[in-house]
file run_4.json (JSON, C-alpha atoms)
[["chain", "number", "residue", "atom", "x", "y", "z"],
["A", 1, "MET", "CA", 0.00, 0.00, 0.00],
["A", 2, "ALA", "CA", 2.77, 2.42, 0.88],
["A", 3, "ASP", "CA", 4.47, 1.74, -2.47],
["A", 4, "GLU", "CA", 1.20, 2.38, -4.32],
["A", 5, "GLN", "CA", 0.70, 5.67, -2.49],
["A", 6, "THR", "CA", 4.27, 6.71, -3.33],
["A", 7, "GLN", "CA", 3.72, 5.83, -6.98],
["A", 8, "GLU", "CA", 0.46, 7.79, -7.14],
["A", 9, "SER", "CA", 2.13, 10.74, -5.45],
["A", 10, "GLY", "CA", 4.97, 10.62, -7.97],
["A", 11, "GLU", "CA", 2.54, 10.50, -10.89],
["A", 12, "SER", "CA", 0.63, 13.44, -9.44],
["A", 13, "LEU", "CA", 3.81, 15.48, -9.03],
["A", 14, "GLN", "CA", 4.92, 14.69, -12.55],
["A", 15, "LEU", "CA", 1.54, 15.77, -13.94],
["A", 16, "ARG", "CA", 1.59, 18.99, -11.92],
["A", 17, "ALA", "CA", 5.11, 19.80, -13.11],
["A", 18, "TYR", "CA", 4.19, 19.05, -16.71],
["A", 19, "GLU", "CA", 0.99, 21.11, -16.66],
["A", 20, "THR", "CA", 2.66, 24.07, -14.90],
["A", 21, "ILE", "CA", 5.62, 24.25, -17.28],
["A", 22, "ARG", "CA", 3.37, 23.69, -20.31],
["A", 23, "GLU", "CA", 1.12, 26.52, -19.17],
["A", 24, "GLY", "CA", 4.19, 28.71, -18.67],
["A", 25, "ILE", "CA", 5.19, 28.05, -22.28],
["A", 26, "LEU", "CA", 1.66, 28.74, -23.55],
["A", 27, "TYR", "CA", 1.39, 32.08, -21.77],
["A", 28, "ALA", "CA", 5.01, 33.03, -22.60],
["A", 29, "THR", "CA", 6.17, 33.05, -19.00],
["A", 30, "TYR", "CA", 8.89, 30.92, -20.54],
["A", 31, "ALA", "CA", 9.61, 32.61, -23.87],
["A", 32, "PRO", "CA", 11.16, 30.93, -26.91],
["A", 33, "GLY", "CA", 14.88, 30.56, -26.35],
["A", 34, "ASP", "CA", 14.61, 30.60, -22.57],
["A", 35, "ARG", "CA", 16.74, 27.96, -20.87],
["A", 36, "LEU", "CA", 14.80, 25.67, -18.54],
["A", 37, "GLN", "CA", 17.19, 24.61, -15.80],
["A", 38, "VAL", "CA", 16.04, 21.72, -13.66],
["A", 39, "LYS", "CA", 17.32, 23.24, -10.42],
["A", 40, "ASP", "CA", 15.46, 26.50, -11.04],
["A", 41, "LEU", "CA", 12.25, 24.70, -11.97],
["A", 42, "CYS", "CA", 12.52, 22.58, -8.81],
["A", 43, "LEU", "CA", 12.66, 25.75, -6.75],
["A", 44, "ASP", "CA", 9.82, 27.39, -8.65],
["A", 45, "LEU", "CA", 7.59, 24.32, -8.40],
["A", 46, "ASP", "CA", 8.72, 23.25, -4.92],
["A", 47, "MET", "CA", 9.39, 19.65, -5.90],
["A", 48, "GLY", "CA", 12.24, 17.23, -6.56],
["A", 49, "ARG", "CA", 14.23, 16.67, -9.72],
["A", 50, "THR", "CA", 12.55, 13.45, -10.92],
["A", 51, "PRO", "CA", 9.07, 14.85, -11.76],
["A", 52, "VAL", "CA", 10.66, 17.94, -13.33],
["A", 53, "ARG", "CA", 12.98, 15.86, -15.51],
["A", 54, "GLU", "CA", 10.11, 13.58, -16.54],
["A", 55, "SER", "CA", 7.94, 16.55, -17.46],
["A", 56, "LEU", "CA", 10.71, 17.99, -19.64],
["A", 57, "VAL", "CA", 11.00, 14.66, -21.45],
["A", 58, "ARG", "CA", 7.27, 14.76, -22.19],
["A", 59, "LEU", "CA", 7.44, 18.38, -23.34],
["A", 60, "ARG", "CA", 10.36, 17.52, -25.61],
["A", 61, "GLN", "CA", 8.33, 14.70, -27.15],
["A", 62, "GLU", "CA", 5.55, 17.21, -27.83],
["A", 63, "GLY", "CA", 7.99, 19.57, -29.54],
["A", 64, "LEU", "CA", 7.67, 22.39, -27.01],
["A", 65, "VAL", "CA", 11.26, 22.23, -25.76],
["A", 66, "GLU", "CA", 14.53, 21.04, -27.25],
["A", 67, "THR", "CA", 17.72, 19.83, -25.64],
["A", 68, "VAL", "CA", 21.03, 21.13, -26.98],
["A", 69, "PRO", "CA", 23.94, 18.77, -26.10],
["A", 70, "GLN", "CA", 26.32, 20.20, -23.50],
["A", 71, "SER", "CA", 24.16, 23.30, -23.23],
["A", 72, "GLY", "CA", 20.71, 22.66, -21.78],
["A", 73, "THR", "CA", 16.98, 22.51, -22.47],
["A", 74, "TYR", "CA", 15.34, 25.46, -24.19],
["A", 75, "VAL", "CA", 11.81, 26.55, -25.08],
["A", 76, "ARG", "CA", 11.28, 26.06, -28.80],
["A", 77, "CYS", "CA", 10.10, 28.81, -31.09],
["A", 78, "ILE", "CA", 6.60, 28.60, -32.52],
["A", 79, "SER", "CA", 6.42, 26.82, -35.85],
["A", 80, "LEU", "CA", 4.11, 28.68, -38.21],
["A", 81, "ARG", "CA", 3.80, 25.49, -40.23],
["A", 82, "SER", "CA", 2.46, 23.74, -37.14],
["A", 83, "VAL", "CA", 0.13, 26.67, -36.50],
["A", 84, "GLU", "CA", -1.26, 26.45, -40.03],
["A", 85, "CYS", "CA", -1.69, 22.67, -39.83],
["A", 86, "ALA", "CA", -3.51, 22.96, -36.50],
["A", 87, "ARG", "CA", -5.67, 25.76, -37.89],
["A", 88, "TYR", "CA", -6.55, 23.61, -40.89],
["A", 89, "VAL", "CA", -7.56, 20.70, -38.68],
["A", 90, "ARG", "CA", -9.55, 23.00, -36.40],
["A", 91, "GLU", "CA", -11.35, 24.59, -39.33],
["A", 92, "THR", "CA", -12.15, 21.26, -40.96],
["A", 93, "LEU", "CA", -13.53, 19.75, -37.76],
["A", 94, "GLU", "CA", -15.09, 22.83, -36.23],
["A", 95, "ARG", "CA", -17.18, 23.68, -39.25],
["A", 96, "GLN", "CA", -18.88, 20.28, -38.96],
["A", 97, "VAL", "CA", -19.13, 20.56, -35.17],
["A", 98, "ALA", "CA", -20.79, 23.98, -35.42],
["A", 99, "VAL", "CA", -23.24, 22.70, -38.03],
["A", 100, "GLU", "CA", -24.15, 19.88, -35.64],
["A", 101, "CYS", "CA", -24.77, 22.55, -32.98],
["A", 102, "CYS", "CA", -27.48, 24.00, -35.20],
["A", 103, "ALA", "CA", -29.46, 20.78, -34.81],
["A", 104, "ARG", "CA", -28.57, 20.08, -31.17],
["A", 105, "ILE", "CA", -28.61, 23.46, -29.44],
["A", 106, "ASP", "CA", -31.29, 24.01, -26.82],
["A", 107, "ALA", "CA", -32.05, 26.70, -24.24],
["A", 108, "ALA", "CA", -29.27, 25.45, -21.96],
["A", 109, "GLY", "CA", -26.75, 25.59, -24.80],
["A", 110, "GLU", "CA", -27.80, 29.11, -25.72],
["A", 111, "GLU", "CA", -27.47, 30.18, -22.09],
["A", 112, "LEU", "CA", -23.99, 28.64, -21.87],
["A", 113, "LEU", "CA", -22.78, 30.55, -24.95],
["A", 114, "SER", "CA", -24.42, 33.76, -23.73],
["A", 115, "GLN", "CA", -22.66, 33.56, -20.37],
["A", 116, "ILE", "CA", -19.30, 33.00, -22.05],
["A", 117, "MET", "CA", -19.84, 35.96, -24.37],
["A", 118, "HIS", "CA", -20.80, 38.18, -21.43],
["A", 119, "ARG", "CA", -17.55, 37.20, -19.67],
["A", 120, "ALA", "CA", -15.65, 38.09, -22.82],
["A", 121, "GLN", "CA", -17.33, 41.50, -22.89],
["A", 122, "ASP", "CA", -16.40, 42.10, -19.25],
["A", 123, "ALA", "CA", -12.81, 41.03, -19.93],
["A", 124, "CYS", "CA", -12.64, 43.36, -22.92],
["A", 125, "ALA", "CA", -13.98, 46.28, -20.89],
["A", 126, "SER", "CA", -11.42, 45.71, -18.13],
["A", 127, "HIS", "CA", -8.69, 44.69, -20.58],
["A", 128, "GLY", "CA", -8.31, 41.37, -18.79],
["A", 129, "THR", "CA", -5.95, 39.64, -21.20],
["A", 130, "ARG", "CA", -5.98, 36.19, -19.61],
["A", 131, "GLU", "CA", -9.73, 36.34, -18.97],
["A", 132, "PHE", "CA", -10.43, 37.31, -22.59],
["A", 133, "PHE", "CA", -8.17, 34.58, -23.97],
["A", 134, "ASP", "CA", -9.78, 31.96, -21.73],
["A", 135, "SER", "CA", -13.30, 33.05, -22.65],
["A", 136, "ASP", "CA", -12.39, 32.75, -26.33],
["A", 137, "ASN", "CA", -11.30, 29.17, -25.75],
["A", 138, "GLU", "CA", -14.41, 28.48, -23.67],
["A", 139, "PHE", "CA", -16.64, 29.65, -26.53],
["A", 140, "HIS", "CA", -15.11, 27.17, -28.95],
["A", 141, "GLU", "CA", -15.06, 24.38, -26.37],
["A", 142, "ALA", "CA", -18.76, 24.97, -25.73],
["A", 143, "LEU", "CA", -19.53, 24.30, -29.41],
["A", 144, "TYR", "CA", -17.97, 20.85, -29.07],
["A", 145, "ARG", "CA", -19.87, 20.22, -25.84],
["A", 146, "ILE", "CA", -23.20, 21.24, -27.37],
["A", 147, "ALA", "CA", -22.52, 19.01, -30.38],
["A", 148, "GLY", "CA", -21.60, 16.09, -28.10],
["A", 149, "ARG", "CA", -18.00, 16.15, -29.33],
["A", 150, "ASP", "CA", -16.21, 16.74, -26.02],
["A", 151, "ARG", "CA", -13.61, 14.05, -26.73],
["A", 152, "VAL", "CA", -12.70, 15.69, -30.03],
["A", 153, "TRP", "CA", -11.95, 18.94, -28.19],
["A", 154, "GLU", "CA", -9.77, 17.06, -25.69],
["A", 155, "TRP", "CA", -7.93, 15.38, -28.56],
["A", 156, "LEU", "CA", -7.33, 18.72, -30.29],
["A", 157, "GLY", "CA", -5.79, 20.04, -27.09],
["A", 158, "THR", "CA", -2.93, 17.58, -27.48],
["A", 159, "LEU", "CA", -2.20, 18.72, -31.04],
["A", 160, "ASP", "CA", -2.61, 22.49, -31.30],
["A", 161, "MET", "CA", -0.19, 23.91, -28.72],
["A", 162, "ASP", "CA", 1.63, 26.09, -31.26],
["A", 163, "LEU", "CA", -1.73, 27.42, -32.43],
["A", 164, "GLN", "CA", -2.67, 28.24, -28.84],
["A", 165, "ARG", "CA", 0.68, 29.97, -28.29],
["A", 166, "TYR", "CA", 0.12, 32.00, -31.45],
["A", 167, "ARG", "CA", -3.40, 32.93, -30.34],
["A", 168, "TRP", "CA", -2.08, 34.13, -26.97],
["A", 169, "LEU", "CA", 0.41, 36.41, -28.73],
["A", 170, "ARG", "CA", -2.43, 37.70, -30.89],
["A", 171, "VAL", "CA", -4.28, 38.80, -27.75],
["A", 172, "LEU", "CA", -1.10, 40.54, -26.53],
["A", 173, "THR", "CA", -0.66, 42.43, -29.80],
["A", 174, "GLU", "CA", -1.85, 45.90, -28.87],
["A", 175, "LYS", "CA", -2.83, 47.09, -32.34],
["A", 176, "LEU", "CA", -5.30, 44.24, -32.88],
["A", 177, "ASP", "CA", -8.88, 44.80, -31.77],
["A", 178, "TRP", "CA", -10.51, 42.23, -29.48],
["A", 179, "ASN", "CA", -13.93, 43.46, -30.59],
["A", 180, "ALA", "CA", -13.44, 41.76, -33.94],
["A", 181, "ILE", "CA", -13.34, 38.38, -32.19],
["A", 182, "MET", "CA", -16.41, 39.16, -30.09],
["A", 183, "HIS", "CA", -18.33, 40.38, -33.14],
["A", 184, "GLN", "CA", -17.60, 37.13, -34.96],
["A", 185, "HIS", "CA", -18.67, 35.08, -31.92],
["A", 186, "ASP", "CA", -21.93, 37.06, -31.83],
["A", 187, "ARG", "CA", -22.62, 36.25, -35.47],
["A", 188, "ILE", "CA", -21.80, 32.57, -34.99],
["A", 189, "PHE", "CA", -24.12, 32.47, -31.97],
["A", 190, "ASP", "CA", -26.95, 34.08, -33.94],
["A", 191, "ALA", "CA", -26.51, 31.65, -36.84],
["A", 192, "ILE", "CA", -26.46, 28.60, -34.56],
["A", 193, "SER", "CA", -29.44, 29.83, -32.52],
["A", 194, "GLY", "CA", -31.30, 30.42, -35.79],
["A", 195, "HIS", "CA", -30.42, 26.87, -36.95],
["A", 196, "ASP", "CA", -28.83, 28.30, -40.09],
["A", 197, "ALA", "CA", -26.32, 25.58, -40.96],
["A", 198, "GLU", "CA", -25.02, 27.21, -44.16],
["A", 199, "GLU", "CA", -24.33, 30.56, -42.50],
["A", 200, "THR", "CA", -22.77, 28.83, -39.48],
["A", 201, "ASP", "CA", -20.41, 26.85, -41.70],
["A", 202, "PHE", "CA", -19.25, 30.01, -43.48],
["A", 203, "LEU", "CA", -18.84, 32.09, -40.32],
["A", 204, "VAL", "CA", -16.78, 29.48, -38.46],
["A", 205, "SER", "CA", -14.48, 29.02, -41.45],
["A", 206, "ASN", "CA", -14.08, 32.79, -41.82],
["A", 207, "HIS", "CA", -13.46, 33.19, -38.09],
["A", 208, "LEU", "CA", -10.56, 30.74, -38.06],
["A", 209, "HIS", "CA", -9.05, 32.38, -41.15],
["A", 210, "LEU", "CA", -8.88, 35.63, -39.20],
["A", 211, "LEU", "CA", -5.80, 34.21, -37.47],
["A", 212, "PHE", "CA", -3.60, 34.58, -40.53],
["A", 213, "GLU", "CA", -5.16, 37.77, -41.79],
["A", 214, "GLU", "CA", -3.57, 39.28, -38.70],
["A", 215, "SER", "CA", -0.31, 37.33, -38.72],
["A", 216, "SER", "CA", 1.89, 40.22, -39.89],
["A", 217, "ALA", "CA", 0.94, 42.32, -36.86],
["A", 218, "VAL", "CA", 1.64, 39.42, -34.49],
["A", 219, "ILE", "CA", 5.01, 38.62, -36.06],
["A", 220, "ASP", "CA", 6.01, 42.30, -36.07],
["A", 221, "ARG", "CA", 5.19, 42.48, -32.36],
["A", 222, "PHE", "CA", 7.01, 39.22, -31.47],
["A", 223, "PRO", "CA", 9.61, 38.68, -34.21],
["A", 224, "THR", "CA", 11.85, 36.35, -32.18],
["A", 225, "TYR", "CA", 9.06, 33.93, -31.26],
["A", 226, "PHE", "CA", 8.73, 32.22, -34.65],
["A", 227, "ILE", "CA", 10.80, 29.74, -36.64],
["A", 228, "GLU", "CA", 9.63, 30.41, -40.19],
["A", 229, "GLY", "CA", 8.76, 33.66, -41.87],
["A", 230, "ARG", "CA", 5.32, 34.97, -42.60],
["A", 231, "PRO", "CA", 2.75, 32.38, -43.68],
["A", 232, "GLN", "CA", 1.36, 32.57, -47.18],
["A", 233, "LYS", "CA", -2.21, 33.83, -47.15],
["A", 234, "GLN", "CA", -4.82, 31.64, -48.75],
["A", 235, "ALA", "CA", -7.81, 32.83, -50.71],
["A", 236, "HIS", "CA", -11.01, 32.42, -48.76],
["A", 237, "GLY", "CA", -14.66, 33.13, -49.30],
["A", 238, "ARG", "CA", -18.03, 31.60, -50.04],
["A", 239, "ALA", "CA", -18.08, 28.91, -52.66]]
call {"tool": "encode", "arguments": {"input": "run_4.json", "output": "structure tokens"}}
result
Amino acid sequence: MADEQTQESGESLQLRAYETIREGILYATYAPGDRLQVKDLCLDLDMGRTPVRESLVRLRQEGLVETVPQSGTYVRCISLRSVECARYVRETLERQVAVECCARIDAAGEELLSQIMHRAQDACASHGTREFFDSDNEFHEALYRIAGRDRVWEWLGTLDMDLQRYRWLRVLTEKLDWNAIMHQHDRIFDAISGHDAEETDFLVSNHLHLLFEESSAVIDRFPTYFIEGRPQKQAHGRA
């Protein structure tokens, strides 16, 4: 029993270390190029070396950090190719998910989306960067929940870390207007509530393309955060 408790405790510590460091990379507490020293992380996280080392191995497997021989472990830059691939997957899946919402949404689903949009408005008014970013994610997650596709959202969370990092930098880019995101969410909500599948499909696709329409401003603001140059814009519109 004691051995089992020790093992569970070790697994819990490893998960906490992994999630904390991963979150630090997402929110740029650890910026690209920053060296992640085990001893410093142990002090920051108040835990031993084993769970920290194991978490760094997992993060390296996910492509978020890289180890340079005889130098150390560093936060990797954001790959715009990975961002575009994740955006493509999100757009392809989310268009179908949102269309399914048109058939499945009920009063509870409408209330859920309304509450999230109100929180986004409050965050915008107070310029709560983290709160606005989180409410944006919550809006999209709610679409998957309403459509009964919760597991798909969880699966996407393991694949789109560079996209999430990019989106966080977009929120931090002062010249970009948060109201554009809220306006698009409002239109998506109206289309879903009105059970307009065609309009919903178009709006979700257009919304996710907004990411790269604004890429130049994000890259100009954070030029050292990216591996490749500016992504090539793709034509987009109604068929």
call {"tool": "closest_atom_pairs", "arguments": {"input": "run_4.json", "of": "region 52-101 of chain A", "to": "region 31-42 of chain A", "cutoff": "6 Å", "atoms": "only C-alpha atoms", "output": "JSON lines"}}
result
{"residue": "A:Thr73", "atom": "CA", "partner": "A:Leu36", "partner_atom": "CA", "distance": 5.5}
{"residue": "A:Tyr74", "atom": "CA", "partner": "A:Arg35", "partner_atom": "CA", "distance": 4.4}
{"residue": "A:Val75", "atom": "CA", "partner": "A:Pro32", "partner_atom": "CA", "distance": 4.8}
{"residue": "A:Arg76", "atom": "CA", "partner": "A:Pro32", "partner_atom": "CA", "distance": 5.2}
{"residue": "A:Cys77", "atom": "CA", "partner": "A:Pro32", "partner_atom": "CA", "distance": 4.8}
call {"tool": "residues_around", "arguments": {"input": "run_4.json", "residues": "Asn137 (chain A)", "least_positions_apart": "6", "cutoff": "12 Å", "atoms": "all atoms listed in the file", "output": "VMD selection string"}}
result
chain A and resid 113 116 to 117 119 to 120 130 to 131 143 to 144 153 157 163 to 164 167 to 168 181 185
call {"tool": "atom_distance", "arguments": {"input": "run_4.json", "atom1": "CA of Leu59 (chain A)", "atom2": "CA of Tyr88 (chain A)"}}
result
23.0 Å
call {"tool": "residues_around", "arguments": {"input": "run_4.json", "residues": "region 197-212 of chain A", "least_positions_apart": "6", "cutoff": "6 Å", "atoms": "all atoms listed in the file", "output": "list in words"}}
result
Glu91, Arg95, Val99, Ile188 and Ala191 of chain A
call {"tool": "residues_around", "arguments": {"input": "run_4.json", "residues": "Val83 (chain A)", "least_positions_apart": "3", "cutoff": "6 Å", "atoms": "all atoms listed in the file", "output": "number ranges by chain"}}
result
A: 80, 86, 162-163
call {"tool": "atom_distance", "arguments": {"input": "run_4.json", "atom1": "CA of Ile192 (chain A)", "atom2": "CA of Thr92 (chain A)"}}
result
17.3 Å
call {"tool": "residues_around", "arguments": {"input": "run_4.json", "residues": "Leu15 (chain A)", "least_positions_apart": "4", "cutoff": "8 Å", "atoms": "all atoms listed in the file", "output": "short mmCIF file (atom, residue, chain, number, x, y, z; two decimals) with C-alpha atoms, in the frame of the given file"}}
result
data_model
loop_
_atom_site.label_atom_id
_atom_site.label_comp_id
_atom_site.auth_asym_id
_atom_site.auth_seq_id
_atom_site.Cartn_x
_atom_site.Cartn_y
_atom_site.Cartn_z
CA GLU A 11 2.54 10.50 -10.89
CA GLU A 19 0.99 21.11 -16.66
CA PRO A 51 9.07 14.85 -11.76
CA SER A 55 7.94 16.55 -17.46
#
call {"tool": "atom_distance", "arguments": {"input": "run_4.json", "atom1": "CA of Ala28 (chain A)", "atom2": "CA of Asp160 (chain A)"}}
result
15.6 Å
call {"tool": "closest_residue", "arguments": {"input": "run_4.json", "among": "A:Gln96, A:Thr129, A:Ser135, A:Ser193", "to": "Val171 (chain A)", "atoms": "only C-alpha atoms"}}
result
A:Thr129
call {"tool": "closest_residue", "arguments": {"input": "run_4.json", "among": "A:Gln14, A:Gln121, A:Thr29, A:Gln70", "to": "Asn179 (chain A)", "atoms": "all atoms listed in the file"}}
result
A:Gln121
call {"tool": "closest_residue", "arguments": {"input": "run_4.json", "among": "A:Pro69, A:Gly109, A:Gly48, A:Gly148", "to": "Val97 (chain A)", "atoms": "only C-alpha atoms"}}
result
A:Gly148
